[in-house]
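*Asks:* First the structure, which I've put down as structure tokens, then a few questions once you've had a look.
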Amino acid sequence: MKSWSIGKITEKNSWENFLFSLSIEASVDPFIAGQFTKLALLVNGKFIQKPYSYVNPPNSKNLEFYLVNTQSIGLSKELFNLKIGDAIYVRKKSMGNLTLQKIPDRKVLWMLSTGTAIGPFLSILRFKNGLERFNKIVLVHAVRYSKDLNYLSLMKQLEKEYSGKLILCTVVSREKVQDMLFGRIPYLIQNGNLENFTKVNLDPKDSHVMICGNPEMIKDTIKILEKEKNLKKCSNEFINHITFEQYW
């Protein structure tokens, strides 16, 4: 268990649709904004672990995670039942490539997310380091209902802090809300509504796209970006236009 730290729950927020966040006091290795680690519990004698992205920046005292309780037998249900003061295991070493280190210089950085996958982008934006080389940053957060935008106040605060550099775009798929886009991210790219709403062009010359969310969204978005916008995925050999994180 040397690779794990025993932490303590310091804060818990519960919202509708089984969404919740946990703040944890734990000793972990230095990580890069945008990375994820693993949380774990002993459940009926079994050590159950699962990856979760940091919402907090690397220089934050407490660790923050945004989660959804699937209500099925598994770790998320057990995490949802934790109370302030309860113990939790946190893997010391972080992982993931959804960071700014390998992203080339571009005029526009796009951050596309769904649900709880907004976490790594909030970590990057709160840390701020490395973002000075982009002229514009477009943060897109897509959810089913507007009430699921639990970090909206933080996103609006960050938008003010960046003084016009950060453009916030919220998307809902199951209701129509004023000043929010309606639909799914890949189709909003395909029909041009995302570019029209943000007033920013998505092109291979000036854009880099970071994507984090459910596997179907990632697959469909990459397909449309490649076909419609001539953007290409990054690889170990080539630094192109699309970086994504998918760990389920």
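Ligands are numbered from 1 in the order shown, chains are lettered A, B, ... in the order of the structure tokens, and residues start at 1 in each chain.
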For the alpha helix (DSSP H) assignment from backbone DSSP, which residues of segment 5-200 of chain A qualify? Please present them as number ranges by chain.

*Replies:* A: 75-80, 119-127, 152-161, 185-190, 193-198

*Asks:* Would you kindly return, as a ChimeraX atom specification, each protein, DNA or RNA residue with an atom no farther than 12 Å from any atom of Lys223 of chain A, considering only C-alpha atoms and excluding same-chain residues fewer than 4 positions away?

*Replies:* /A:185-187,189-190,216-219,227-233,242

*Asks:* Using N, CA and C atoms, can you export the residues from the last selection as a PDB file, in the first residue's frame?

*Replies:*
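Saved as out_37.pdb:
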ATOM      1  N   ILE A 185     -22.573  17.984 -28.376  1.00  0.00           N
ATOM      2  CA  ILE A 185     -21.373  18.668 -28.864  1.00  0.00           C
ATOM      3  C   ILE A 185     -21.023  18.315 -30.315  1.00  0.00           C
ATOM      4  N   PRO A 186     -20.960  17.029 -30.702  1.00  0.00           N
ATOM      5  CA  PRO A 186     -20.556  16.735 -32.083  1.00  0.00           C
ATOM      6  C   PRO A 186     -21.464  17.352 -33.134  1.00  0.00           C
ATOM      7  N   TYR A 187     -22.773  17.376 -32.865  1.00  0.00           N
ATOM      8  CA  TYR A 187     -23.701  17.926 -33.846  1.00  0.00           C
ATOM      9  C   TYR A 187     -23.687  19.449 -33.848  1.00  0.00           C
ATOM     10  N   ILE A 189     -20.986  21.099 -33.501  1.00  0.00           N
ATOM     11  CA  ILE A 189     -19.825  21.380 -34.352  1.00  0.00           C
ATOM     12  C   ILE A 189     -20.217  21.214 -35.810  1.00  0.00           C
ATOM     13  N   GLN A 190     -20.920  20.144 -36.094  1.00  0.00           N
ATOM     14  CA  GLN A 190     -21.291  19.819 -37.479  1.00  0.00           C
ATOM     15  C   GLN A 190     -22.197  20.880 -38.098  1.00  0.00           C
ATOM     16  N   GLU A 216     -18.845   7.859 -26.053  1.00  0.00           N
ATOM     17  CA  GLU A 216     -19.615   8.092 -27.278  1.00  0.00           C
ATOM     18  C   GLU A 216     -19.413   9.516 -27.787  1.00  0.00           C
ATOM     19  N   MET A 217     -19.436  10.489 -26.869  1.00  0.00           N
ATOM     20  CA  MET A 217     -19.207  11.872 -27.256  1.00  0.00           C
ATOM     21  C   MET A 217     -17.818  12.044 -27.844  1.00  0.00           C
ATOM     22  N   ILE A 218     -16.820  11.457 -27.198  1.00  0.00           N
ATOM     23  CA  ILE A 218     -15.443  11.576 -27.671  1.00  0.00           C
ATOM     24  C   ILE A 218     -15.304  10.995 -29.078  1.00  0.00           C
ATOM     25  N   LYS A 219     -15.837   9.805 -29.267  1.00  0.00           N
ATOM     26  CA  LYS A 219     -15.738   9.142 -30.574  1.00  0.00           C
ATOM     27  C   LYS A 219     -16.432   9.958 -31.658  1.00  0.00           C
ATOM     28  N   LYS A 227     -13.466  14.784 -40.091  1.00  0.00           N
ATOM     29  CA  LYS A 227     -14.151  14.811 -41.386  1.00  0.00           C
ATOM     30  C   LYS A 227     -14.528  16.216 -41.828  1.00  0.00           C
ATOM     31  N   GLU A 228     -15.093  16.989 -40.905  1.00  0.00           N
ATOM     32  CA  GLU A 228     -15.641  18.292 -41.259  1.00  0.00           C
ATOM     33  C   GLU A 228     -14.626  19.437 -41.123  1.00  0.00           C
ATOM     34  N   LYS A 229     -13.687  19.296 -40.183  1.00  0.00           N
ATOM     35  CA  LYS A 229     -12.779  20.402 -39.883  1.00  0.00           C
ATOM     36  C   LYS A 229     -11.323  20.110 -40.237  1.00  0.00           C
ATOM     37  N   ASN A 230     -11.050  18.911 -40.696  1.00  0.00           N
ATOM     38  CA  ASN A 230      -9.692  18.518 -41.098  1.00  0.00           C
ATOM     39  C   ASN A 230      -8.697  18.593 -39.940  1.00  0.00           C
ATOM     40  N   LEU A 231      -9.176  18.308 -38.740  1.00  0.00           N
ATOM     41  CA  LEU A 231      -8.301  18.231 -37.565  1.00  0.00           C
ATOM     42  C   LEU A 231      -7.897  16.779 -37.346  1.00  0.00           C
ATOM     43  N   LYS A 232      -6.715  16.557 -36.805  1.00  0.00           N
ATOM     44  CA  LYS A 232      -6.207  15.194 -36.619  1.00  0.00           C
ATOM     45  C   LYS A 232      -5.820  14.941 -35.160  1.00  0.00           C
ATOM     46  N   LYS A 233      -5.989  13.685 -34.737  1.00  0.00           N
ATOM     47  CA  LYS A 233      -5.638  13.299 -33.373  1.00  0.00           C
ATOM     48  C   LYS A 233      -4.130  13.352 -33.157  1.00  0.00           C
ATOM     49  N   ILE A 242      -5.856  17.345 -31.816  1.00  0.00           N
ATOM     50  CA  ILE A 242      -6.853  16.829 -30.884  1.00  0.00           C
ATOM     51  C   ILE A 242      -6.198  16.009 -29.782  1.00  0.00           C
TER      52      ILE A 242
END

*Asks:* Could you pull the residues within 9 Å of segment 111-127 of chain A, counting only C-alpha atoms, minus those fewer than 6 positions along the same chain, as a compact mmCIF listing (two decimals) with C-alpha atoms, in the first residue's frame?

*Replies:*
# COMPACT_ATOMS: atom_id res chain seq x y z
CA LEU A 19 -24.02 14.27 -8.70
CA ILE A 32 0.12 18.29 -13.54
CA ALA A 33 -3.13 20.21 -14.01
CA GLY A 34 -5.48 18.06 -16.08
CA GLN A 35 -4.29 14.72 -14.73
CA PHE A 36 -6.27 12.14 -12.77
CA TYR A 52 -11.11 10.34 -11.09
CA SER A 53 -9.80 13.67 -12.35
CA TYR A 54 -8.65 16.46 -10.07
CA VAL A 55 -10.90 19.52 -10.07
CA ASN A 56 -8.45 21.47 -7.92
CA PRO A 57 -5.24 23.04 -9.26
CA PRO A 58 -1.87 21.47 -8.27
CA ASN A 59 -1.15 24.25 -5.78
CA SER A 60 -4.36 23.68 -3.82
CA GLU A 64 -11.33 17.97 -5.07
CA PHE A 65 -13.21 15.44 -7.18
CA TYR A 66 -16.52 15.69 -9.10
CA LEU A 67 -18.43 12.42 -9.24
CA VAL A 68 -21.72 10.76 -10.14
CA LEU A 98 -4.83 15.79 -20.87
CA THR A 99 -2.29 18.45 -20.00
CA LEU A 100 -0.82 21.53 -21.68
CA ILE A 137 -9.79 29.67 -24.63
CA VAL A 138 -13.23 28.20 -25.26
CA LEU A 139 -14.68 26.14 -22.40
CA VAL A 140 -17.64 23.98 -23.41
CA HIS A 141 -19.57 22.06 -20.76
CA ALA A 142 -22.45 19.85 -21.89
CA VAL A 143 -25.03 18.32 -19.53
CA ARG A 144 -28.54 16.89 -19.77
CA ASP A 148 -26.59 19.75 -13.63
CA LEU A 149 -24.27 22.73 -14.16
CA TYR A 151 -19.80 24.39 -11.27
CA LEU A 154 -16.97 28.86 -10.71
CA MET A 155 -16.90 28.86 -14.52
CA LEU A 158 -13.06 32.18 -14.14
CA VAL A 171 -24.86 23.05 -23.56
CA ILE A 185 -21.37 18.67 -28.86
CA HIS A 208 -6.20 22.82 -30.67
CA VAL A 209 -9.04 20.77 -29.14
CA MET A 210 -8.96 19.00 -25.78
CA ILE A 211 -11.83 16.55 -25.15
CA CYS A 212 -12.94 14.80 -21.97
CA GLY A 213 -16.24 13.03 -21.40
CA ASN A 214 -18.25 9.95 -22.15
CA MET A 217 -19.21 11.87 -27.26
CA ILE A 218 -15.44 11.58 -27.67

*Asks:* Pick from A:Arg106, A:Lys147, A:Lys205, A:Lys92: nearest to Arg174 of chain A, with only C-alpha atoms counted?

*Replies:*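 Closest candidate: A:Lys147.
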
*Asks:* Show me, as CSV, the residues of segment 80-123 of chain A having an atom within 10 Å of segment 160-168 of chain A, each with the closest atom pair and its distance in Å, using only C-alpha atoms.

*Replies:*
residue,atom,partner,partner_atom,distance
A:Val108,CA,A:Lys165,CA,9.7
A:Leu109,CA,A:Leu166,CA,9.5
A:Trp110,CA,A:Ile167,CA,9.5
A:Met111,CA,A:Leu168,CA,9.8

*Asks:* To one decimal in Å, tell me the separation between atom CA of Ala87 of chain A and atom CA of Lys8 of chain A.

*Replies:*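 So the two atoms, atom CA of Ala87 of chain A and atom CA of Lys8 of chain A, lie 4.6 Å apart.
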
*Asks:* Atom CA of Phe47 of chain A and atom CA of Ser76 of chain A are how many Å apart?

*Replies:* 13.3 Å

*Asks:* Need to verify the contact set: Ile24 of chain A, 6 Å, only C-alpha atoms, exclusion of same-chain residues closer than 6 positions in sequence. Can you return it as a PyMOL selection string?

*Replies:* chain A and resi 8-10+62-63

*Asks:* Can you write just those residues out, C-alpha atoms, as a CSV table (one decimal), in the first residue's frame?

*Replies:*
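Saved the output as part.csv:
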chain,number,residue,atom,x,y,z
A,8,LYS,CA,-9.8,12.3,5.1
A,9,ILE,CA,-13.1,13.7,3.7
A,10,THR,CA,-13.2,17.4,4.6
A,62,ASN,CA,-7.2,20.1,-0.5
A,63,LEU,CA,-8.0,17.6,-3.3

*Asks:* Hey, what's within 8 Å of segment 78-82 of chain A if we count only C-alpha atoms and toss same-chain stuff fewer than 3 positions away? As number ranges by chain, please?

*Replies:* A: 9, 20, 41, 69, 74-75, 86

*Asks:* Need the shell around Leu181 of chain A: protein/DNA/RNA residues with any atom at most 9 Å away, counting only C-alpha atoms. Skip same-chain ones fewer than 6 positions apart. Format as a count of residues only?

*Replies:* 10

*Asks:* Between A:Leu42, A:Lys176, A:Lys102, A:Lys61, which has the minimum distance to Ala26 of chain A (counting only C-alpha atoms)?

*Replies:*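 Smallest distance to Ala26 of chain A is found for A:Lys61.
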